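Student: What follows is entry.cif; its format and atoms are mmCIF, C-alpha atoms and all ligand atoms.
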```cif
data_structure
loop_
_atom_site.group_PDB
_atom_site.id
_atom_site.type_symbol
_atom_site.label_atom_id
_atom_site.label_comp_id
_atom_site.auth_asym_id
_atom_site.auth_seq_id
_atom_site.Cartn_x
_atom_site.Cartn_y
_atom_site.Cartn_z
ATOM 1 C CA MET A 1 12.328 8.338 -25.351
ATOM 2 C CA ASP A 2 16.033 7.873 -25.924
ATOM 3 C CA ASN A 3 17.350 8.737 -22.474
ATOM 4 C CA CYS A 4 14.557 7.392 -20.299
ATOM 5 C CA ILE A 5 15.918 4.669 -18.026
ATOM 6 C CA PHE A 6 12.649 2.697 -18.005
ATOM 7 C CA CYS A 7 12.374 2.893 -21.805
ATOM 8 C CA LYS A 8 15.915 1.481 -21.858
ATOM 9 C CA ILE A 9 14.751 -1.359 -19.616
ATOM 10 C CA VAL A 10 11.795 -1.965 -21.976
ATOM 11 C CA ARG A 11 14.218 -2.076 -24.934
ATOM 12 C CA LYS A 12 16.494 -4.426 -22.923
ATOM 13 C CA GLU A 13 19.393 -1.974 -23.133
ATOM 14 C CA ILE A 14 19.545 -2.064 -19.329
ATOM 15 C CA PRO A 15 18.942 -5.338 -17.458
ATOM 16 C CA CYS A 16 16.194 -5.757 -14.908
ATOM 17 C CA ASN A 17 14.905 -8.455 -12.642
ATOM 18 C CA LYS A 18 11.710 -9.056 -14.597
ATOM 19 C CA ILE A 19 8.710 -10.603 -12.909
ATOM 20 C CA TYR A 20 6.097 -10.147 -15.646
ATOM 21 C CA GLU A 21 5.844 -8.998 -19.244
ATOM 22 C CA ASN A 22 3.192 -8.806 -21.906
ATOM 23 C CA GLU A 23 2.838 -6.811 -25.109
ATOM 24 C CA ASP A 24 2.092 -3.541 -23.323
ATOM 25 C CA ILE A 25 3.279 -3.878 -19.744
ATOM 26 C CA LEU A 26 6.442 -4.811 -17.834
ATOM 27 C CA ALA A 27 6.979 -5.503 -14.128
ATOM 28 C CA PHE A 28 10.390 -5.781 -12.477
ATOM 29 C CA ASN A 29 11.893 -5.567 -9.018
ATOM 30 C CA ASP A 30 12.905 -2.153 -7.743
ATOM 31 C CA ILE A 31 16.684 -1.785 -7.628
ATOM 32 C CA ASN A 32 16.467 -0.223 -4.154
ATOM 33 C CA PRO A 33 13.638 -2.074 -2.413
ATOM 34 C CA ALA A 34 11.762 -0.392 0.428
ATOM 35 C CA ALA A 35 10.348 -3.711 1.708
ATOM 36 C CA PRO A 36 10.823 -7.465 1.068
ATOM 37 C CA VAL A 37 8.471 -7.170 -1.913
ATOM 38 C CA HIS A 38 8.939 -4.056 -4.014
ATOM 39 C CA PHE A 39 8.353 -4.165 -7.706
ATOM 40 C CA LEU A 40 7.470 -1.622 -10.363
ATOM 41 C CA LEU A 41 4.757 -2.013 -12.969
ATOM 42 C CA ILE A 42 5.200 0.154 -16.047
ATOM 43 C CA PRO A 43 3.534 0.649 -19.408
ATOM 44 C CA LYS A 44 5.952 -0.043 -22.268
ATOM 45 C CA LEU A 45 4.621 3.149 -23.803
ATOM 46 C CA HIS A 46 6.465 6.176 -22.458
ATOM 47 C CA ILE A 47 4.122 8.371 -20.438
ATOM 48 C CA ASP A 48 5.967 10.919 -18.276
ATOM 49 C CA SER A 49 3.718 10.904 -15.276
ATOM 50 C CA LEU A 50 0.212 10.327 -13.969
ATOM 51 C CA VAL A 51 -0.649 13.936 -14.835
ATOM 52 C CA ASP A 52 0.018 13.120 -18.491
ATOM 53 C CA ILE A 53 -2.482 10.313 -18.903
ATOM 54 C CA GLN A 54 -5.079 10.739 -21.644
ATOM 55 C CA ASP A 55 -8.419 9.171 -22.499
ATOM 56 C CA ASN A 56 -6.717 6.868 -24.976
ATOM 57 C CA HIS A 57 -4.643 5.348 -22.130
ATOM 58 C CA GLN A 58 -7.768 4.069 -20.372
ATOM 59 C CA ASN A 59 -7.477 0.507 -21.591
ATOM 60 C CA LEU A 60 -3.771 0.286 -20.810
ATOM 61 C CA LEU A 61 -4.203 1.730 -17.315
ATOM 62 C CA GLY A 62 -7.090 -0.603 -16.595
ATOM 63 C CA LYS A 63 -4.998 -3.582 -17.655
ATOM 64 C CA MET A 64 -2.152 -2.433 -15.422
ATOM 65 C CA LEU A 65 -4.400 -2.082 -12.407
ATOM 66 C CA LEU A 66 -5.975 -5.471 -13.004
ATOM 67 C CA LEU A 67 -2.532 -7.071 -12.942
ATOM 68 C CA VAL A 68 -1.583 -5.600 -9.570
ATOM 69 C CA PRO A 69 -3.339 -8.021 -7.180
ATOM 70 C CA ASP A 70 -2.294 -11.138 -9.096
ATOM 71 C CA LEU A 71 1.353 -10.089 -9.309
ATOM 72 C CA ALA A 72 1.394 -8.926 -5.688
ATOM 73 C CA LYS A 73 0.083 -12.288 -4.520
ATOM 74 C CA GLU A 74 2.509 -14.122 -6.766
ATOM 75 C CA GLN A 75 5.392 -12.159 -5.233
ATOM 76 C CA GLY A 76 4.384 -13.079 -1.690
ATOM 77 C CA CYS A 77 1.952 -10.393 -0.598
ATOM 78 C CA GLU A 78 -0.559 -12.790 0.896
ATOM 79 C CA ASP A 79 -2.209 -10.340 3.212
ATOM 80 C CA GLY A 80 -2.187 -6.978 1.498
ATOM 81 C CA PHE A 81 0.256 -4.551 -0.011
ATOM 82 C CA ARG A 82 0.586 -0.888 -0.910
ATOM 83 C CA THR A 83 0.405 0.634 -4.397
ATOM 84 C CA ILE A 84 2.035 4.026 -4.890
ATOM 85 C CA ILE A 85 2.291 6.338 -7.869
ATOM 86 C CA ASN A 86 4.675 9.167 -7.056
ATOM 87 C CA THR A 87 3.759 12.115 -9.227
ATOM 88 C CA GLY A 88 5.797 15.199 -10.034
ATOM 89 C CA ARG A 89 8.072 17.215 -7.777
ATOM 90 C CA VAL A 90 5.774 17.280 -4.757
ATOM 91 C CA GLY A 91 5.086 13.565 -5.079
ATOM 92 C CA GLY A 92 8.816 12.836 -5.109
ATOM 93 C CA GLN A 93 8.847 11.310 -8.579
ATOM 94 C CA GLU A 94 12.413 10.565 -9.646
ATOM 95 C CA ILE A 95 11.903 8.624 -12.858
ATOM 96 C CA PHE A 96 9.626 10.364 -15.314
ATOM 97 C CA HIS A 97 8.181 7.267 -16.929
ATOM 98 C CA LEU A 98 4.867 6.375 -15.306
ATOM 99 C CA HIS A 99 5.193 3.509 -12.833
ATOM 100 C CA PHE A 100 3.247 1.885 -10.032
ATOM 101 C CA HIS A 101 5.225 0.811 -6.968
ATOM 102 C CA ILE A 102 3.853 -2.349 -5.361
ATOM 103 C CA ILE A 103 5.265 -2.776 -1.890
ATOM 104 C CA GLY A 104 4.682 -5.422 0.736
ATOM 105 C CA GLY A 105 5.946 -8.506 2.463
ATOM 106 C CA ARG A 106 4.930 -10.296 5.614
ATOM 107 C CA GLU A 107 4.971 -7.449 8.106
ATOM 108 C CA ARG A 108 2.624 -4.516 8.258
ATOM 109 C CA LEU A 109 4.063 -1.500 6.451
ATOM 110 C CA PRO A 110 4.762 1.690 8.396
ATOM 111 C CA VAL A 111 2.233 4.507 8.131
ATOM 112 C CA MET A 112 2.773 6.279 4.892
ATOM 113 C CA ILE A 113 2.583 9.907 5.986
ATOM 114 C CA HIS A 114 3.192 11.112 9.534
ATOM 115 C CA GLN A 115 0.803 13.826 10.612
ATOM 116 C CA GLY A 116 1.781 16.898 12.606
HETATM 117 P P1 LIG A 201 9.989 7.278 -8.152
HETATM 118 O O1 LIG A 201 10.587 8.087 -7.041
HETATM 119 O O2 LIG A 201 10.244 7.899 -9.498
HETATM 120 O O3 LIG A 201 8.543 6.938 -7.919
HETATM 121 O O4 LIG A 201 10.711 5.893 -8.078
HETATM 122 C C1 LIG A 201 11.670 5.432 -8.973
HETATM 123 C C2 LIG A 201 12.088 4.060 -8.510
HETATM 124 O O5 LIG A 201 12.842 3.459 -9.517
HETATM 125 C C3 LIG A 201 12.941 4.072 -7.242
HETATM 126 O O6 LIG A 201 12.304 3.276 -6.239
HETATM 127 C C4 LIG A 201 14.267 3.471 -7.693
HETATM 128 O O7 LIG A 201 14.836 2.631 -6.725
HETATM 129 C C5 LIG A 201 13.868 2.709 -8.947
HETATM 130 N N1 LIG A 201 14.919 2.628 -9.951
HETATM 131 C C6 LIG A 201 15.702 3.655 -10.414
HETATM 132 N N2 LIG A 201 16.534 3.220 -11.368
HETATM 133 C C7 LIG A 201 16.292 1.896 -11.516
HETATM 134 C C8 LIG A 201 16.855 0.881 -12.359
HETATM 135 O O8 LIG A 201 17.752 1.124 -13.177
HETATM 136 N N3 LIG A 201 16.365 -0.374 -12.228
HETATM 137 C C9 LIG A 201 15.373 -0.670 -11.341
HETATM 138 N N4 LIG A 201 14.984 -1.954 -11.289
HETATM 139 N N5 LIG A 201 14.814 0.250 -10.532
HETATM 140 C C10 LIG A 201 15.270 1.516 -10.617
HETATM 141 ZN ZN ZN A 202 10.265 6.043 -20.788
#
```
Represent the supplied structure as structure tokens.
Tutor:
Amino acid sequence: MDNCIFCKIVRKEIPCNKIYENEDILAFNDINPAAPVHFLLIPKLHIDSLVDIQDNHQNLLGKMLLLVPDLAKEQGCEDGFRTIINTGRVGGQEIFHLHFHIIGGRERLPVMIHQG
């Protein structure tokens, strides 16, 4: 995906503050953090969105999820964190390369969605 900003980060055409990398997965700090800890975990493979995942992504997605608690703890989320996958227009997705937000810090996060 030539013009995808996260693919450019994977290809090192755009710098990032990397916190983890393996053959298939990259994690880096969000450029506009919503909390003291806010990093993004992405597959190196371009997948537009959560609605585009396929059976053959099962292994990759499982590996991503398994990394979340270890990386969160490593980044200072000792007592919990929030994992968000914004999806599509209604979900407020801005970058159409699948990513998990991992958000936390020392203080309790605000409620995610206000009712009423
Ligand atoms: P979305 O709304 O698509 O779930 O979130 C996209 C996230 O990517 C936003 O939190 C935004 O701050 C972050 N972001 C956008 N461009 C860049 C970038 O070039 N580098 C980094 N590190 N984060 C980015
Ligand atoms: Zn991409």
Student: Dump the neighbourhood of ligand ZN 202 (chain A) as number ranges by chain: all residues within 9 Å, distances computed on all atoms listed in the file.
Tutor: A: 1-10, 43-48, 95-98
Student: The PyMOL selection byres (((chain A and resi 86) around 9) and not hetatm) - which residues does that actually catch in the file I just gave you? List them as a PDB file with C-alpha atoms, in the coordinates of the input.
Tutor:
```pdb
ATOM      1  CA  SER A  49       3.718  10.904 -15.276  1.00  0.00           C
ATOM      2  CA  LEU A  50       0.212  10.327 -13.969  1.00  0.00           C
ATOM      3  CA  ILE A  84       2.035   4.026  -4.890  1.00  0.00           C
ATOM      4  CA  ILE A  85       2.291   6.338  -7.869  1.00  0.00           C
ATOM      5  CA  THR A  87       3.759  12.115  -9.227  1.00  0.00           C
ATOM      6  CA  GLY A  88       5.797  15.199 -10.034  1.00  0.00           C
ATOM      7  CA  ARG A  89       8.072  17.215  -7.777  1.00  0.00           C
ATOM      8  CA  VAL A  90       5.774  17.280  -4.757  1.00  0.00           C
ATOM      9  CA  GLY A  91       5.086  13.565  -5.079  1.00  0.00           C
ATOM     10  CA  GLY A  92       8.816  12.836  -5.109  1.00  0.00           C
ATOM     11  CA  GLN A  93       8.847  11.310  -8.579  1.00  0.00           C
ATOM     12  CA  GLU A  94      12.413  10.565  -9.646  1.00  0.00           C
ATOM     13  CA  LEU A  98       4.867   6.375 -15.306  1.00  0.00           C
ATOM     14  CA  HIS A  99       5.193   3.509 -12.833  1.00  0.00           C
ATOM     15  CA  PHE A 100       3.247   1.885 -10.032  1.00  0.00           C
ATOM     16  CA  HIS A 101       5.225   0.811  -6.968  1.00  0.00           C
TER      17      HIS A 101
END
```
Student: Restricting the calculation to all atoms listed in the file, which member of A:Val68, A:Leu40, A:Cys16, A:Ala35 is positioned closest to Arg106 of chain A?
Tutor: A:Ala35
Student: Env of Leu109 of chain A: 12 Å cut, atoms = all atoms listed in the file, seq-sep filter 5 positions within chain, self excluded. Answer as a PDB file with C-alpha atoms, in the frame of the given file.
Tutor:
```
ATOM      1  CA  ALA A  34      11.762  -0.392   0.428  1.00  0.00           C
ATOM      2  CA  ALA A  35      10.348  -3.711   1.708  1.00  0.00           C
ATOM      3  CA  PRO A  36      10.823  -7.465   1.068  1.00  0.00           C
ATOM      4  CA  VAL A  37       8.471  -7.170  -1.913  1.00  0.00           C
ATOM      5  CA  HIS A  38       8.939  -4.056  -4.014  1.00  0.00           C
ATOM      6  CA  CYS A  77       1.952 -10.393  -0.598  1.00  0.00           C
ATOM      7  CA  ASP A  79      -2.209 -10.340   3.212  1.00  0.00           C
ATOM      8  CA  GLY A  80      -2.187  -6.978   1.498  1.00  0.00           C
ATOM      9  CA  PHE A  81       0.256  -4.551  -0.011  1.00  0.00           C
ATOM     10  CA  ARG A  82       0.586  -0.888  -0.910  1.00  0.00           C
ATOM     11  CA  THR A  83       0.405   0.634  -4.397  1.00  0.00           C
ATOM     12  CA  ILE A 102       3.853  -2.349  -5.361  1.00  0.00           C
ATOM     13  CA  ILE A 103       5.265  -2.776  -1.890  1.00  0.00           C
ATOM     14  CA  GLY A 104       4.682  -5.422   0.736  1.00  0.00           C
TER      15      GLY A 104
END
```
Student: In Å, how far is it from atom C2 of ligand LIG 201 (chain A) to atom CA of Asn17 of chain A?
Tutor: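 The value is 13.5 Å.
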Student: What separation in Å, quoted to one decimal, exists between atom CA of Tyr20 of chain A and atom CA of Lys63 of chain A?
Tutor: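 The value is 13.0 Å.
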Student: Considering only C-alpha atoms, state which residue in the set A:Lys12, A:His114, A:His57, A:Lys18 is at the smallest distance from Phe39 of chain A.
Tutor: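 Selected residue with least distance to Phe39 of chain A: A:Lys18.
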Student: Write out as JSON an axis-aligned box for ligand LIG 201 (chain A): all of its atoms listed in the file, 6 Å added on each side, centre and edge lengths in Å with one decimal.
Tutor:
```
{"center_x": 13.1, "center_y": 3.1, "center_z": -9.7, "size_x": 21.2, "size_y": 22.0, "size_z": 18.9}
```
Student: Export chain A of the preceding structure, keeping C-alpha atoms, as a CSV table (one decimal), in the first residue's frame.
Tutor:
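Saved the output as selection_36.csv:
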```
chain,number,residue,atom,x,y,z
A,1,MET,CA,0.0,0.0,0.0
A,2,ASP,CA,2.0,2.9,-1.4
A,3,ASN,CA,0.2,5.8,0.4
A,4,CYS,CA,-0.7,4.2,3.7
A,5,ILE,CA,1.1,6.0,6.5
A,6,PHE,CA,1.5,2.9,8.7
A,7,CYS,CA,2.9,0.9,5.7
A,8,LYS,CA,5.4,3.8,5.4
A,9,ILE,CA,6.3,3.4,9.0
A,10,VAL,CA,6.7,-0.3,8.5
A,11,ARG,CA,9.0,0.4,5.5
A,12,LYS,CA,10.9,3.0,7.7
A,13,GLU,CA,10.0,5.8,5.2
A,14,ILE,CA,8.5,7.7,8.1
A,15,PRO,CA,10.1,7.6,11.6
A,16,CYS,CA,8.3,6.3,14.6
A,17,ASN,CA,9.0,5.8,18.3
A,18,LYS,CA,9.2,2.1,18.2
A,19,ILE,CA,8.6,0.0,21.3
A,20,TYR,CA,8.5,-3.5,19.8
A,21,GLU,CA,9.1,-5.2,16.4
A,22,ASN,CA,9.1,-8.8,15.1
A,23,GLU,CA,8.8,-10.3,11.7
A,24,ASP,CA,5.1,-9.6,11.5
A,25,ILE,CA,4.2,-7.0,14.0
A,26,LEU,CA,5.3,-3.5,15.0
A,27,ALA,CA,4.4,-1.4,18.0
A,28,PHE,CA,5.1,2.3,18.4
A,29,ASN,CA,3.9,5.3,20.4
A,30,ASP,CA,1.0,7.2,19.2
A,31,ILE,CA,2.0,10.7,17.8
A,32,ASN,CA,-0.9,12.3,19.7
A,33,PRO,CA,-1.2,10.4,23.0
A,34,ALA,CA,-4.5,10.3,24.8
A,35,ALA,CA,-2.9,9.2,28.1
A,36,PRO,CA,0.6,8.8,29.5
A,37,VAL,CA,0.8,5.4,27.8
A,38,HIS,CA,-0.6,5.3,24.3
A,39,PHE,CA,0.9,3.0,21.8
A,40,LEU,CA,-0.3,1.4,18.6
A,41,LEU,CA,0.2,-2.3,17.7
A,42,ILE,CA,-0.1,-3.0,14.0
A,43,PRO,CA,0.4,-6.0,11.7
A,44,LYS,CA,3.1,-5.3,9.1
A,45,LEU,CA,0.7,-6.7,6.5
A,46,HIS,CA,-1.7,-4.1,5.3
A,47,ILE,CA,-5.2,-4.9,6.4
A,48,ASP,CA,-7.6,-1.9,6.0
A,49,SER,CA,-9.7,-2.5,9.0
A,50,LEU,CA,-11.1,-5.0,11.5
A,51,VAL,CA,-14.0,-5.7,9.1
A,52,ASP,CA,-11.5,-6.9,6.5
A,53,ILE,CA,-9.9,-9.7,8.6
A,54,GLN,CA,-10.0,-13.2,7.0
A,55,ASP,CA,-9.5,-16.7,8.3
A,56,ASN,CA,-5.9,-16.7,7.2
A,57,HIS,CA,-5.2,-13.8,9.5
A,58,GLN,CA,-6.1,-15.8,12.6
A,59,ASN,CA,-2.5,-16.6,13.6
A,60,LEU,CA,-1.3,-13.1,13.1
A,61,LEU,CA,-4.2,-11.6,15.1
A,62,GLY,CA,-3.7,-14.1,17.9
A,63,LYS,CA,0.0,-13.2,18.1
A,64,MET,CA,-0.9,-9.5,18.2
A,65,LEU,CA,-3.4,-10.0,21.1
A,66,LEU,CA,-0.9,-12.2,23.0
A,67,LEU,CA,1.6,-9.3,22.9
A,68,VAL,CA,-0.7,-6.7,24.3
A,69,PRO,CA,-0.4,-7.5,28.0
A,70,ASP,CA,3.3,-7.9,28.0
A,71,LEU,CA,3.9,-4.7,26.1
A,72,ALA,CA,1.4,-2.8,28.2
A,73,LYS,CA,3.1,-3.9,31.4
A,74,GLU,CA,6.5,-3.0,29.9
A,75,GLN,CA,5.3,0.5,29.1
A,76,GLY,CA,4.1,1.1,32.6
A,77,CYS,CA,0.5,-0.1,32.7
A,78,GLU,CA,0.9,-2.0,36.0
A,79,ASP,CA,-2.8,-2.0,36.9
A,80,GLY,CA,-4.7,-2.3,33.7
A,81,PHE,CA,-5.2,-0.5,30.4
A,82,ARG,CA,-7.6,-0.2,27.6
A,83,THR,CA,-7.4,-1.7,24.1
A,84,ILE,CA,-9.3,-0.1,21.4
A,85,ILE,CA,-9.8,-0.9,17.7
A,86,ASN,CA,-11.6,1.9,16.0
A,87,THR,CA,-13.4,0.5,13.0
A,88,GLY,CA,-14.8,2.4,10.0
A,89,ARG,CA,-16.6,5.7,9.8
A,90,VAL,CA,-18.9,5.1,12.8
A,91,GLY,CA,-15.9,3.8,14.9
A,92,GLY,CA,-14.0,7.0,14.1
A,93,GLN,CA,-11.2,5.2,12.3
A,94,GLU,CA,-8.8,7.7,10.7
A,95,ILE,CA,-5.9,5.5,9.5
A,96,PHE,CA,-7.1,2.6,7.4
A,97,HIS,CA,-4.4,0.1,8.4
A,98,LEU,CA,-5.6,-2.1,11.2
A,99,HIS,CA,-4.2,-1.1,14.6
A,100,PHE,CA,-4.9,-1.7,18.2
A,101,HIS,CA,-4.6,1.3,20.5
A,102,ILE,CA,-3.3,0.4,24.0
A,103,ILE,CA,-3.9,3.2,26.4
A,104,GLY,CA,-3.2,3.6,30.1
A,105,GLY,CA,-0.9,5.0,32.7
A,106,ARG,CA,-1.3,5.4,36.5
A,107,GLU,CA,-4.7,7.0,36.8
A,108,ARG,CA,-8.0,5.4,36.0
A,109,LEU,CA,-9.1,6.2,32.5
A,110,PRO,CA,-12.4,8.2,32.0
A,111,VAL,CA,-15.5,6.2,31.0
A,112,MET,CA,-15.3,5.4,27.3
A,113,ILE,CA,-18.8,6.3,26.2
A,114,HIS,CA,-21.1,8.6,28.1
A,115,GLN,CA,-24.7,7.4,28.1
A,116,GLY,CA,-27.7,9.6,27.6
```
